[in-house]
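Below is one structure, written out as structure tokens, with a few remarks after it.
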Amino acid sequence: MNAGKKKWWQSAVIYQVYPRSFQDSNGDGIGDLPGLIERLDYLQELGIDAIWLSPVCKSPQADNGYDISDYRDIDPMFGTLEDMDRLIAEGKKRGIGIILDLVLNHTSDEHPWFLAAKKSRDDPYHDYYVWRDGEEGTPPNDLRSAFSGSAWEWVPEVQQYYLHQFAVRQPDLNWDNPKVREALYDMIRWWMDRGVAGFRLDAVDLIAKVPDEKILANGPRLQEYFRELSRETFSHGDLVTVGETWNATVDLAKGYSNPDGSEFSMVFQFSHTMTDQVEGGSKWDLAPLDFLKFKSILAHWQTGLHGCGWNSIFWDNHDMPRVVSRWGNDKEYRVESAKMLATVLHGMQGTPYVYQGDELGMTNVAYPLEDYRDIELLNAYEELTAAGRPEEDVLYALQTRGRDNARTPMQWDDGPNAGFTEGEPWIRVNPNYVDINAKAALADPDSVFYCYKKLIALRKEYDIIRDGDFTLLEPDSDELFVYTRSLDGEQLLVVANFFGNTVPYDLPEGWDAGRADVLIHNYKDYEPGTLRPYEAFMLYQKD
Ligand code: TEU
Ligand code: CA
């Protein structure tokens, strides 16, 4: 992209808050907006520019807020609209923007639109959702919900099925109805007027579904809808927008993140997060990480969008296991591997997203079934065991990949419930909070926290991290993740041992550890010719 035309979000680092697990302020065991406001100073210390806030609108919480019943109000569990205004204002004071999570593919079954829609075929709201005729017990086709079971649900009052790509309680909106689109745009403008910094768009590549042809993602009218959405809303403000597009390709993403601003700022693409599952299987079909594929996918996105689009870069979020447990080592090398993963991520081009607790090196949990809360996980348990998969094997898969790994309460200190709540937390706290917590991290200059802080600061200091092009080195190494970035005579080298072995390694030609600046290193000293377990560093030099 041309110098002088930089967007604020290209130099930004965004931090994701999953509000129900961040900080409780009133002892009901559920995190809330006043709690988040109390913790803004912590986030300012980390140095982030914006918070992506998972949904806080009114919701029966069938899917933790991703089922919205009123887009223009805050769920009482999280606070009030005044709390939201205060969050936006307090954020602004600290240079932190608030990015709302817009769930536009579906609503809650308790949204007034759906309550009206399911009463009668003649109701003006009926056509806000996706209905098909059929016979009870024989759905229109065999489309499956992402949360197990059929994607169709029968409603006796209207003698029709409605489509739900997610839970039964998340009916899909009918984007082909212009009234639906206009109603959503109006709501988005209403939020823009309240001063939000941007939006994350949930499951947005599913909005243009054509269920009769079994097309869910990337429907034929998708780009038309994206352009109209942007034209009617975002393009009127200096906002950051990030679409969640599980099914994007580099070619599609060039359009989605077109620098002309006609669609979104960027999208989340997930192909690298699917390199440790059986091909053609589901997320519950575990396989060892295909490291060469993982690297080549990331490199493909880095080079593919350079200069003609923009990447979002992330390792995990509220739908994923904790990265240090997944691709690092959450035992003896927890700190080293958490720093290594952070270094590899933050050296790439794009806008980094830090998921809450990753800056502490928070880990997965392995709970018995009764301690889990997530609808996806609980439905998967039923479906997989009913299909005959051994219970132990199912539980192991859920413990390894389940979304609740990321949703355990934020670990603030070593006091009761990790300082998250004075009540009974809605989901159990990870027992390792006694050692892994923000208070301990802030007191230790070598903590994972300060590594993130440093990486975030480097991004502001070195234009090359924002602008430089990307070249993957050692593409065939089963152990090393190495790349360079370059920009007009400046060069950056990121070297990482992604695994727990000691590996012989010499710097590439033209690099001299004595001459280059060491921007960050997760070991204290440098050992020529060798990389120790999970060792990672970033070097910088100028011609
Ligand atoms: O996720 C979209 C999505 O495709 C999920 O089904 C995803 O595949 C799954 O969570 C991976 O385990 C978004 C939100 O991020 C998620 O939290 C919501 O549950 C979902 O949409 C429905 O709104
Ligand atoms: Ca609360």
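Identifiers for the structure tokens are assigned positionally: chains receive A, B, ... in sequence, residues are indexed from 1 per chain, and ligands are indexed from 1 in the order shown.
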Could you go through region 55-205 of chain A and tell me which residues DSSP, when run on the backbone, assigns to strand (DSSP E or B), listing them as a PyMOL selection string? chain A and resi 57-58+70-74+97-103+106+129+131-133+135+138+144+150+152-155+160-163+172-173+198-202
For the selection just defined, write its residues with N, CA and C atoms to a file, as an mmCIF file, in the first residue's frame.
data_model
loop_
_atom_site.group_PDB
_atom_site.id
_atom_site.type_symbol
_atom_site.label_atom_id
_atom_site.label_comp_id
_atom_site.auth_asym_id
_atom_site.auth_seq_id
_atom_site.Cartn_x
_atom_site.Cartn_y
_atom_site.Cartn_z
ATOM 1 N N CYS A 57 -25.120 -7.685 23.542
ATOM 2 C CA CYS A 57 -26.504 -7.257 23.366
ATOM 3 C C CYS A 57 -27.440 -8.231 24.073
ATOM 4 N N LYS A 58 -28.693 -7.793 24.176
ATOM 5 C CA LYS A 58 -29.689 -8.592 24.875
ATOM 6 C C LYS A 58 -29.805 -9.972 24.222
ATOM 7 N N ASP A 70 -32.201 -8.419 21.104
ATOM 8 C CA ASP A 70 -32.378 -6.976 20.882
ATOM 9 C C ASP A 70 -31.012 -6.361 20.576
ATOM 10 N N TYR A 71 -30.853 -5.925 19.312
ATOM 11 C CA TYR A 71 -29.571 -5.378 18.869
ATOM 12 C C TYR A 71 -29.285 -4.002 19.457
ATOM 13 N N ARG A 72 -30.319 -3.371 20.007
ATOM 14 C CA ARG A 72 -30.125 -1.998 20.471
ATOM 15 C C ARG A 72 -30.170 -1.882 21.980
ATOM 16 N N ASP A 73 -29.922 -2.973 22.662
ATOM 17 C CA ASP A 73 -29.838 -2.885 24.123
ATOM 18 C C ASP A 73 -28.770 -3.859 24.611
ATOM 19 N N ILE A 74 -28.274 -3.593 25.830
ATOM 20 C CA ILE A 74 -27.264 -4.451 26.447
ATOM 21 C C ILE A 74 -27.983 -5.462 27.326
ATOM 22 N N GLY A 97 -10.118 1.799 21.322
ATOM 23 C CA GLY A 97 -11.424 1.801 20.676
ATOM 24 C C GLY A 97 -12.194 0.529 21.006
ATOM 25 N N ILE A 98 -13.509 0.602 20.871
ATOM 26 C CA ILE A 98 -14.352 -0.566 21.150
ATOM 27 C C ILE A 98 -14.953 -1.081 19.840
ATOM 28 N N ILE A 99 -14.670 -2.345 19.555
ATOM 29 C CA ILE A 99 -15.161 -2.997 18.342
ATOM 30 C C ILE A 99 -16.283 -3.947 18.742
ATOM 31 N N LEU A 100 -17.470 -3.705 18.211
ATOM 32 C CA LEU A 100 -18.606 -4.549 18.576
ATOM 33 C C LEU A 100 -18.677 -5.779 17.688
ATOM 34 N N ASP A 101 -19.239 -6.837 18.246
ATOM 35 C CA ASP A 101 -19.416 -8.077 17.502
ATOM 36 C C ASP A 101 -20.827 -8.063 16.919
ATOM 37 N N LEU A 102 -20.914 -7.985 15.609
ATOM 38 C CA LEU A 102 -22.218 -7.918 14.948
ATOM 39 C C LEU A 102 -22.606 -9.310 14.475
ATOM 40 N N VAL A 103 -23.727 -9.784 14.971
ATOM 41 C CA VAL A 103 -24.203 -11.098 14.551
ATOM 42 C C VAL A 103 -25.339 -10.872 13.565
ATOM 43 N N HIS A 106 -27.899 -14.441 11.863
ATOM 44 C CA HIS A 106 -29.042 -15.039 12.551
ATOM 45 C C HIS A 106 -29.401 -14.183 13.761
ATOM 46 N N TYR A 129 -36.975 -14.448 7.811
ATOM 47 C CA TYR A 129 -36.228 -15.682 8.065
ATOM 48 C C TYR A 129 -36.365 -16.607 6.860
ATOM 49 N N TRP A 131 -37.656 -19.882 5.355
ATOM 50 C CA TRP A 131 -38.665 -20.926 5.577
ATOM 51 C C TRP A 131 -38.791 -21.825 4.362
ATOM 52 N N ARG A 132 -39.089 -23.092 4.600
ATOM 53 C CA ARG A 132 -39.396 -23.999 3.499
ATOM 54 C C ARG A 132 -40.554 -24.901 3.920
ATOM 55 N N ASP A 133 -41.408 -25.191 2.950
ATOM 56 C CA ASP A 133 -42.493 -26.129 3.203
ATOM 57 C C ASP A 133 -41.917 -27.522 3.374
ATOM 58 N N GLU A 135 -42.968 -31.705 5.300
ATOM 59 C CA GLU A 135 -43.809 -32.478 6.196
ATOM 60 C C GLU A 135 -43.067 -32.628 7.500
ATOM 61 N N THR A 138 -39.818 -34.724 7.942
ATOM 62 C CA THR A 138 -39.054 -34.822 6.689
ATOM 63 C C THR A 138 -38.575 -33.442 6.285
ATOM 64 N N ARG A 144 -26.812 -29.800 7.538
ATOM 65 C CA ARG A 144 -26.521 -29.990 8.956
ATOM 66 C C ARG A 144 -26.205 -28.663 9.622
ATOM 67 N N SER A 150 -29.898 -31.640 12.310
ATOM 68 C CA SER A 150 -30.376 -31.010 11.077
ATOM 69 C C SER A 150 -30.328 -29.491 11.204
ATOM 70 N N TRP A 152 -32.591 -27.728 9.920
ATOM 71 C CA TRP A 152 -33.996 -27.320 9.745
ATOM 72 C C TRP A 152 -34.795 -27.626 11.002
ATOM 73 N N GLU A 153 -35.673 -26.722 11.378
ATOM 74 C CA GLU A 153 -36.518 -26.946 12.554
ATOM 75 C C GLU A 153 -37.973 -26.683 12.179
ATOM 76 N N TRP A 154 -38.816 -27.596 12.586
ATOM 77 C CA TRP A 154 -40.247 -27.543 12.238
ATOM 78 C C TRP A 154 -41.012 -26.616 13.176
ATOM 79 N N VAL A 155 -41.882 -25.796 12.610
ATOM 80 C CA VAL A 155 -42.752 -24.945 13.434
ATOM 81 C C VAL A 155 -44.212 -25.257 13.093
ATOM 82 N N GLN A 160 -44.123 -25.147 8.606
ATOM 83 C CA GLN A 160 -42.925 -24.961 7.773
ATOM 84 C C GLN A 160 -41.682 -25.199 8.614
ATOM 85 N N TYR A 161 -40.599 -25.398 7.902
ATOM 86 C CA TYR A 161 -39.291 -25.483 8.546
ATOM 87 C C TYR A 161 -38.564 -24.140 8.419
ATOM 88 N N TYR A 162 -37.785 -23.783 9.449
ATOM 89 C CA TYR A 162 -36.876 -22.652 9.276
ATOM 90 C C TYR A 162 -35.429 -23.153 9.313
ATOM 91 N N LEU A 163 -34.568 -22.381 8.669
ATOM 92 C CA LEU A 163 -33.154 -22.742 8.586
ATOM 93 C C LEU A 163 -32.403 -22.193 9.799
ATOM 94 N N ASP A 172 -31.744 -18.433 11.049
ATOM 95 C CA ASP A 172 -31.030 -17.632 10.049
ATOM 96 C C ASP A 172 -31.899 -16.521 9.490
ATOM 97 N N LEU A 173 -31.314 -15.335 9.372
ATOM 98 C CA LEU A 173 -32.011 -14.219 8.722
ATOM 99 C C LEU A 173 -31.986 -14.398 7.209
ATOM 100 N N GLY A 198 -15.381 0.177 15.543
ATOM 101 C CA GLY A 198 -15.511 -0.755 14.436
ATOM 102 C C GLY A 198 -16.381 -1.944 14.793
ATOM 103 N N PHE A 199 -16.357 -2.922 13.887
ATOM 104 C CA PHE A 199 -17.200 -4.105 14.052
ATOM 105 C C PHE A 199 -16.457 -5.360 13.619
ATOM 106 N N ARG A 200 -16.714 -6.432 14.341
ATOM 107 C CA ARG A 200 -16.333 -7.761 13.890
ATOM 108 C C ARG A 200 -17.635 -8.416 13.441
ATOM 109 N N LEU A 201 -17.636 -9.007 12.274
ATOM 110 C CA LEU A 201 -18.887 -9.507 11.699
ATOM 111 C C LEU A 201 -18.923 -11.022 11.771
ATOM 112 N N ASP A 202 -19.779 -11.502 12.651
ATOM 113 C CA ASP A 202 -19.860 -12.925 12.937
ATOM 114 C C ASP A 202 -20.334 -13.725 11.724
#
Would you give me, as a PDB file with N, CA, C and O atoms, in the first residue's frame, the residues in region 397-468 of chain A that DSSP reads as helix (DSSP H, G or I)?
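Generated output (part_39.pdb):
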ATOM      1  N   ALA A 397     -11.210 -35.617  22.889  1.00  0.00           N
ATOM      2  CA  ALA A 397     -11.313 -34.670  21.767  1.00  0.00           C
ATOM      3  C   ALA A 397     -11.935 -33.351  22.235  1.00  0.00           C
ATOM      4  O   ALA A 397     -11.468 -32.264  21.877  1.00  0.00           O
ATOM      5  N   LEU A 398     -12.962 -33.446  23.071  1.00  0.00           N
ATOM      6  CA  LEU A 398     -13.627 -32.232  23.555  1.00  0.00           C
ATOM      7  C   LEU A 398     -12.675 -31.424  24.447  1.00  0.00           C
ATOM      8  O   LEU A 398     -12.625 -30.192  24.378  1.00  0.00           O
ATOM      9  N   GLN A 399     -11.916 -32.142  25.270  1.00  0.00           N
ATOM     10  CA  GLN A 399     -10.970 -31.451  26.157  1.00  0.00           C
ATOM     11  C   GLN A 399      -9.849 -30.793  25.358  1.00  0.00           C
ATOM     12  O   GLN A 399      -9.311 -29.767  25.749  1.00  0.00           O
ATOM     13  N   THR A 400      -9.503 -31.387  24.224  1.00  0.00           N
ATOM     14  CA  THR A 400      -8.386 -30.876  23.433  1.00  0.00           C
ATOM     15  C   THR A 400      -8.798 -29.712  22.541  1.00  0.00           C
ATOM     16  O   THR A 400      -8.046 -28.772  22.345  1.00  0.00           O
ATOM     17  N   ARG A 401     -10.019 -29.782  21.999  1.00  0.00           N
ATOM     18  CA  ARG A 401     -10.422 -28.783  21.004  1.00  0.00           C
ATOM     19  C   ARG A 401     -11.626 -27.935  21.409  1.00  0.00           C
ATOM     20  O   ARG A 401     -12.000 -27.001  20.701  1.00  0.00           O
ATOM     21  N   ARG A 403     -14.386 -25.333  22.859  1.00  0.00           N
ATOM     22  CA  ARG A 403     -14.333 -23.878  22.954  1.00  0.00           C
ATOM     23  C   ARG A 403     -14.224 -23.393  24.398  1.00  0.00           C
ATOM     24  O   ARG A 403     -13.752 -22.288  24.644  1.00  0.00           O
ATOM     25  N   ASP A 404     -14.680 -24.218  25.357  1.00  0.00           N
ATOM     26  CA  ASP A 404     -14.598 -23.774  26.746  1.00  0.00           C
ATOM     27  C   ASP A 404     -13.158 -23.632  27.233  1.00  0.00           C
ATOM     28  O   ASP A 404     -12.907 -22.963  28.242  1.00  0.00           O
ATOM     29  N   ASN A 405     -12.207 -24.230  26.527  1.00  0.00           N
ATOM     30  CA  ASN A 405     -10.796 -24.019  26.887  1.00  0.00           C
ATOM     31  C   ASN A 405     -10.453 -22.538  26.932  1.00  0.00           C
ATOM     32  O   ASN A 405      -9.657 -22.102  27.755  1.00  0.00           O
ATOM     33  N   ALA A 406     -11.042 -21.788  26.005  1.00  0.00           N
ATOM     34  CA  ALA A 406     -10.737 -20.362  25.905  1.00  0.00           C
ATOM     35  C   ALA A 406     -11.651 -19.534  26.789  1.00  0.00           C
ATOM     36  O   ALA A 406     -11.472 -18.329  26.913  1.00  0.00           O
ATOM     37  N   PRO A 416      -9.131 -16.048  45.698  1.00  0.00           N
ATOM     38  CA  PRO A 416     -10.292 -16.882  45.360  1.00  0.00           C
ATOM     39  C   PRO A 416     -10.814 -16.592  43.948  1.00  0.00           C
ATOM     40  O   PRO A 416     -10.922 -15.428  43.549  1.00  0.00           O
ATOM     41  N   ASN A 417     -11.108 -17.651  43.213  1.00  0.00           N
ATOM     42  CA  ASN A 417     -11.599 -17.529  41.831  1.00  0.00           C
ATOM     43  C   ASN A 417     -10.716 -16.640  40.955  1.00  0.00           C
ATOM     44  O   ASN A 417     -11.208 -15.958  40.046  1.00  0.00           O
ATOM     45  N   ALA A 418      -9.447 -16.643  41.254  1.00  0.00           N
ATOM     46  CA  ALA A 418      -8.464 -15.925  40.432  1.00  0.00           C
ATOM     47  C   ALA A 418      -8.751 -14.433  40.322  1.00  0.00           C
ATOM     48  O   ALA A 418      -8.296 -13.768  39.399  1.00  0.00           O
ATOM     49  N   GLY A 419      -9.533 -13.900  41.263  1.00  0.00           N
ATOM     50  CA  GLY A 419      -9.848 -12.468  41.216  1.00  0.00           C
ATOM     51  C   GLY A 419     -10.907 -12.132  40.188  1.00  0.00           C
ATOM     52  O   GLY A 419     -11.209 -10.957  39.960  1.00  0.00           O
ATOM     53  N   PRO A 431      -7.550 -24.491  37.425  1.00  0.00           N
ATOM     54  CA  PRO A 431      -6.856 -24.578  38.719  1.00  0.00           C
ATOM     55  C   PRO A 431      -5.418 -24.022  38.693  1.00  0.00           C
ATOM     56  O   PRO A 431      -4.868 -23.710  39.755  1.00  0.00           O
ATOM     57  N   ASN A 432      -4.842 -23.859  37.520  1.00  0.00           N
ATOM     58  CA  ASN A 432      -3.458 -23.348  37.495  1.00  0.00           C
ATOM     59  C   ASN A 432      -3.357 -21.835  37.706  1.00  0.00           C
ATOM     60  O   ASN A 432      -2.278 -21.257  37.619  1.00  0.00           O
ATOM     61  N   TYR A 433      -4.498 -21.200  38.073  1.00  0.00           N
ATOM     62  CA  TYR A 433      -4.475 -19.736  38.289  1.00  0.00           C
ATOM     63  C   TYR A 433      -3.528 -19.342  39.418  1.00  0.00           C
ATOM     64  O   TYR A 433      -3.050 -18.202  39.479  1.00  0.00           O
ATOM     65  N   VAL A 434      -3.269 -20.276  40.321  1.00  0.00           N
ATOM     66  CA  VAL A 434      -2.400 -19.968  41.456  1.00  0.00           C
ATOM     67  C   VAL A 434      -1.017 -19.531  40.963  1.00  0.00           C
ATOM     68  O   VAL A 434      -0.394 -18.625  41.523  1.00  0.00           O
ATOM     69  N   ALA A 438      -2.330 -12.593  36.174  1.00  0.00           N
ATOM     70  CA  ALA A 438      -1.839 -11.278  35.744  1.00  0.00           C
ATOM     71  C   ALA A 438      -0.968 -10.624  36.809  1.00  0.00           C
ATOM     72  O   ALA A 438       0.033  -9.974  36.490  1.00  0.00           O
ATOM     73  N   LYS A 439      -1.334 -10.794  38.073  1.00  0.00           N
ATOM     74  CA  LYS A 439      -0.559 -10.167  39.135  1.00  0.00           C
ATOM     75  C   LYS A 439       0.878 -10.685  39.115  1.00  0.00           C
ATOM     76  O   LYS A 439       1.838  -9.891  39.186  1.00  0.00           O
ATOM     77  N   ALA A 440       1.034 -11.996  39.013  1.00  0.00           N
ATOM     78  CA  ALA A 440       2.375 -12.577  38.966  1.00  0.00           C
ATOM     79  C   ALA A 440       3.113 -12.113  37.707  1.00  0.00           C
ATOM     80  O   ALA A 440       4.305 -11.793  37.747  1.00  0.00           O
ATOM     81  N   ALA A 441       2.391 -12.064  36.590  1.00  0.00           N
ATOM     82  CA  ALA A 441       3.031 -11.681  35.320  1.00  0.00           C
ATOM     83  C   ALA A 441       3.531 -10.239  35.373  1.00  0.00           C
ATOM     84  O   ALA A 441       4.631  -9.931  34.898  1.00  0.00           O
ATOM     85  N   LEU A 442       2.737  -9.365  35.966  1.00  0.00           N
ATOM     86  CA  LEU A 442       3.133  -7.954  36.017  1.00  0.00           C
ATOM     87  C   LEU A 442       4.350  -7.746  36.920  1.00  0.00           C
ATOM     88  O   LEU A 442       5.115  -6.790  36.745  1.00  0.00           O
ATOM     89  N   VAL A 448       5.462 -13.689  30.111  1.00  0.00           N
ATOM     90  CA  VAL A 448       4.843 -13.675  28.783  1.00  0.00           C
ATOM     91  C   VAL A 448       4.207 -12.310  28.529  1.00  0.00           C
ATOM     92  O   VAL A 448       4.274 -11.766  27.418  1.00  0.00           O
ATOM     93  N   PHE A 449       3.619 -11.731  29.553  1.00  0.00           N
ATOM     94  CA  PHE A 449       2.962 -10.421  29.414  1.00  0.00           C
ATOM     95  C   PHE A 449       3.926  -9.385  28.821  1.00  0.00           C
ATOM     96  O   PHE A 449       3.585  -8.673  27.872  1.00  0.00           O
ATOM     97  N   TYR A 450       5.127  -9.303  29.382  1.00  0.00           N
ATOM     98  CA  TYR A 450       6.051  -8.270  28.900  1.00  0.00           C
ATOM     99  C   TYR A 450       6.592  -8.575  27.503  1.00  0.00           C
ATOM    100  O   TYR A 450       6.998  -7.672  26.785  1.00  0.00           O
ATOM    101  N   CYS A 451       6.568  -9.840  27.134  1.00  0.00           N
ATOM    102  CA  CYS A 451       6.934 -10.187  25.755  1.00  0.00           C
ATOM    103  C   CYS A 451       5.873  -9.641  24.797  1.00  0.00           C
ATOM    104  O   CYS A 451       6.188  -9.010  23.776  1.00  0.00           O
ATOM    105  N   TYR A 452       4.608  -9.832  25.126  1.00  0.00           N
ATOM    106  CA  TYR A 452       3.532  -9.265  24.299  1.00  0.00           C
ATOM    107  C   TYR A 452       3.625  -7.744  24.263  1.00  0.00           C
ATOM    108  O   TYR A 452       3.478  -7.121  23.216  1.00  0.00           O
ATOM    109  N   LYS A 453       3.859  -7.167  25.428  1.00  0.00           N
ATOM    110  CA  LYS A 453       3.925  -5.703  25.489  1.00  0.00           C
ATOM    111  C   LYS A 453       5.020  -5.184  24.551  1.00  0.00           C
ATOM    112  O   LYS A 453       4.835  -4.211  23.817  1.00  0.00           O
ATOM    113  N   LYS A 454       6.149  -5.864  24.584  1.00  0.00           N
ATOM    114  CA  LYS A 454       7.285  -5.469  23.750  1.00  0.00           C
ATOM    115  C   LYS A 454       6.936  -5.615  22.263  1.00  0.00           C
ATOM    116  O   LYS A 454       7.204  -4.733  21.442  1.00  0.00           O
ATOM    117  N   LEU A 455       6.337  -6.755  21.919  1.00  0.00           N
ATOM    118  CA  LEU A 455       5.986  -7.003  20.514  1.00  0.00           C
ATOM    119  C   LEU A 455       4.994  -5.953  20.011  1.00  0.00           C
ATOM    120  O   LEU A 455       5.079  -5.485  18.871  1.00  0.00           O
ATOM    121  N   ILE A 456       4.058  -5.588  20.874  1.00  0.00           N
ATOM    122  CA  ILE A 456       3.061  -4.578  20.492  1.00  0.00           C
ATOM    123  C   ILE A 456       3.751  -3.233  20.282  1.00  0.00           C
ATOM    124  O   ILE A 456       3.470  -2.514  19.314  1.00  0.00           O
ATOM    125  N   ALA A 457       4.708  -2.927  21.157  1.00  0.00           N
ATOM    126  CA  ALA A 457       5.434  -1.655  21.022  1.00  0.00           C
ATOM    127  C   ALA A 457       6.309  -1.660  19.759  1.00  0.00           C
ATOM    128  O   ALA A 457       6.403  -0.640  19.066  1.00  0.00           O
ATOM    129  N   LEU A 458       6.918  -2.800  19.446  1.00  0.00           N
ATOM    130  CA  LEU A 458       7.778  -2.872  18.256  1.00  0.00           C
ATOM    131  C   LEU A 458       7.005  -2.546  16.985  1.00  0.00           C
ATOM    132  O   LEU A 458       7.502  -1.906  16.067  1.00  0.00           O
ATOM    133  N   ARG A 459       5.765  -3.007  16.946  1.00  0.00           N
ATOM    134  CA  ARG A 459       4.917  -2.762  15.783  1.00  0.00           C
ATOM    135  C   ARG A 459       4.704  -1.265  15.545  1.00  0.00           C
ATOM    136  O   ARG A 459       4.528  -0.824  14.415  1.00  0.00           O
ATOM    137  N   LYS A 460       4.728  -0.495  16.614  1.00  0.00           N
ATOM    138  CA  LYS A 460       4.554   0.957  16.453  1.00  0.00           C
ATOM    139  C   LYS A 460       5.870   1.627  16.056  1.00  0.00           C
ATOM    140  O   LYS A 460       5.887   2.699  15.475  1.00  0.00           O
ATOM    141  N   GLU A 461       6.961   0.986  16.433  1.00  0.00           N
ATOM    142  CA  GLU A 461       8.272   1.598  16.259  1.00  0.00           C
ATOM    143  C   GLU A 461       8.854   1.309  14.876  1.00  0.00           C
ATOM    144  O   GLU A 461       9.555   2.143  14.319  1.00  0.00           O
ATOM    145  N   ASP A 463       8.275   0.502  11.036  1.00  0.00           N
ATOM    146  CA  ASP A 463       7.345   0.463   9.895  1.00  0.00           C
ATOM    147  C   ASP A 463       7.431  -0.853   9.138  1.00  0.00           C
ATOM    148  O   ASP A 463       6.461  -1.300   8.531  1.00  0.00           O
ATOM    149  N   ILE A 464       8.620  -1.445   9.162  1.00  0.00           N
ATOM    150  CA  ILE A 464       8.813  -2.679   8.388  1.00  0.00           C
ATOM    151  C   ILE A 464       7.849  -3.772   8.855  1.00  0.00           C
ATOM    152  O   ILE A 464       7.413  -4.611   8.063  1.00  0.00           O
ATOM    153  N   ILE A 465       7.479  -3.752  10.132  1.00  0.00           N
ATOM    154  CA  ILE A 465       6.569  -4.790  10.629  1.00  0.00           C
ATOM    155  C   ILE A 465       5.174  -4.599  10.021  1.00  0.00           C
ATOM    156  O   ILE A 465       4.489  -5.552   9.681  1.00  0.00           O
ATOM    157  N   ARG A 466       4.815  -3.348   9.812  1.00  0.00           N
ATOM    158  CA  ARG A 466       3.528  -3.085   9.161  1.00  0.00           C
ATOM    159  C   ARG A 466       3.618  -3.263   7.644  1.00  0.00           C
ATOM    160  O   ARG A 466       2.739  -3.854   7.023  1.00  0.00           O
ATOM    161  N   ASP A 467       4.718  -2.771   7.055  1.00  0.00           N
ATOM    162  CA  ASP A 467       4.734  -2.628   5.594  1.00  0.00           C
ATOM    163  C   ASP A 467       5.595  -3.619   4.817  1.00  0.00           C
ATOM    164  O   ASP A 467       5.411  -3.781   3.612  1.00  0.00           O
TER     165      ASP A 467
END
Within 10 Å of ligand 2 (only C-alpha atoms and all ligand atoms), residues as a list in words: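 If we count only C-alpha atoms and all ligand atoms, the neighbours of ligand 2 turn out to be Pro19, Arg20, Ser21, Phe22, Gln23, Asp24, Ser25, Asn26, Gly27, Asp28, Gly29, Ile30, Gly31, Asp32, Leu33, Pro34, Gly35, Pro76, Met77, Phe78, Gly79, Phe420, Thr421, Glu422, Gly423, Pro425 and Trp426 of chain A.
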Compile the contact shell of region 8-10 of chain A as a list of chain:residue names: residues with an atom at most 8 Å away, counting only C-alpha atoms, same-chain residues fewer than 4 positions apart removed.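 Residues meeting the cut-off are A:Val240, A:Gly350, A:Thr351, A:Arg466.
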Determine, for each residue of chain A having at least one atom at most 6 Å from an atom of ligand 1, the closest pair of atoms and their separation in Å to one decimal, counting only C-alpha atoms and all ligand atoms; order by chain and ascending number, as a tab-separated table.
residue	atom	partner	partner_atom_place_in_ligand_line	distance
A:Asp63	CA	ligand 1	19 (O)	5.8
A:Tyr66	CA	ligand 1	23 (O)	4.5
A:Ala146	CA	ligand 1	6 (O)	5.3
A:Phe166	CA	ligand 1	22 (C)	5.8
A:Asp202	CA	ligand 1	13 (C)	5.3
A:Ala203	CA	ligand 1	2 (C)	4.7
A:Asp319	CA	ligand 1	10 (O)	4.6
Filtering to C-alpha atoms, could you give me those residues as a JSON list (two decimals), in the first residue's frame?
[["chain", "number", "residue", "atom", "x", "y", "z"],
["A", 63, "ASP", "CA", -24.84, -19.47, 22.52],
["A", 66, "TYR", "CA", -24.27, -14.98, 19.68],
["A", 146, "ALA", "CA", -22.67, -26.44, 12.76],
["A", 166, "PHE", "CA", -26.10, -22.87, 14.19],
["A", 202, "ASP", "CA", -19.86, -12.93, 12.94],
["A", 203, "ALA", "CA", -20.05, -15.78, 10.42],
["A", 319, "ASP", "CA", -13.93, -20.66, 19.57]]
Residue nearest Phe147 (chain A) - candidates A:Asn379, A:Asn105, A:Gln61, A:Gln223, atoms counted: only C-alpha atoms: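 Checking each candidate against Phe147 (chain A), we get A:Asn379 as the closest.
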Quick one: residues within 12 Å of Val335 (chain A), only C-alpha atoms counted, chain neighbours fewer than 5 positions away excluded, as a ChimeraX atom specification? /A:324-325,328-330,340-342,358-363,435-436,441,444,446-452,522-523,533-536
Nearest to Lys118 (chain A) by atom-to-atom distance, counting only C-alpha atoms, from A:Pro475, A:Pro211, A:Pro171, A:Gly500: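 Going through A:Pro475, A:Pro211, A:Pro171, A:Gly500 one by one, the smallest distance to Lys118 (chain A) is for A:Pro171.
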Which one of A:Met538, A:Asp176, A:Arg121, A:Phe499 sits closest to Tyr333 (chain A) if you count only C-alpha atoms? A:Phe499
Computed gap from CA of Arg326 (chain A) to CA of Asn218 (chain A) is 28.9 Å
If you count only C-alpha atoms, the residue of A:His236, A:Val394, A:Leu369, A:Val168 closest to Leu286 (chain A) turns out to be A:Val394
Counting only C-alpha atoms, which of A:Val196, A:Val210, A:Ile188, A:Val250 gets nearest to Glu90 (chain A)?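 The shortest atom-to-atom distance to Glu90 (chain A) comes from A:Val196.
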If you count only C-alpha atoms, which residues fall within 10 Å of Leu40 (chain A), apart from same-chain ones fewer than 3 positions away, as a PyMOL selection string? chain A and resi 35-37+43-46+51+87+90-91+94+96
For Val503 (chain A): contacts at 9 Å, only C-alpha atoms, fewer than 4 positions along chain excluded, given as a ChimeraX atom specification: /A:479-480,497,529-533
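The two atoms in question, CA of Tyr396 (chain A) and CA of Pro321 (chain A), are spaced 12.7 Å apart.
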Would you compute the distance between CA of Gly237 (chain A) and CA of Phe314 (chain A)? Give it in Å to one decimal.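 CA of Phe314 (chain A) lies at a distance of 25.2 Å from CA of Gly237 (chain A).
The residue that comes closest to Lys6 (chain A), out of A:Pro124, A:Gly307, A:Pro368, A:Gly65 and on the basis of only C-alpha atoms, is A:Gly307.
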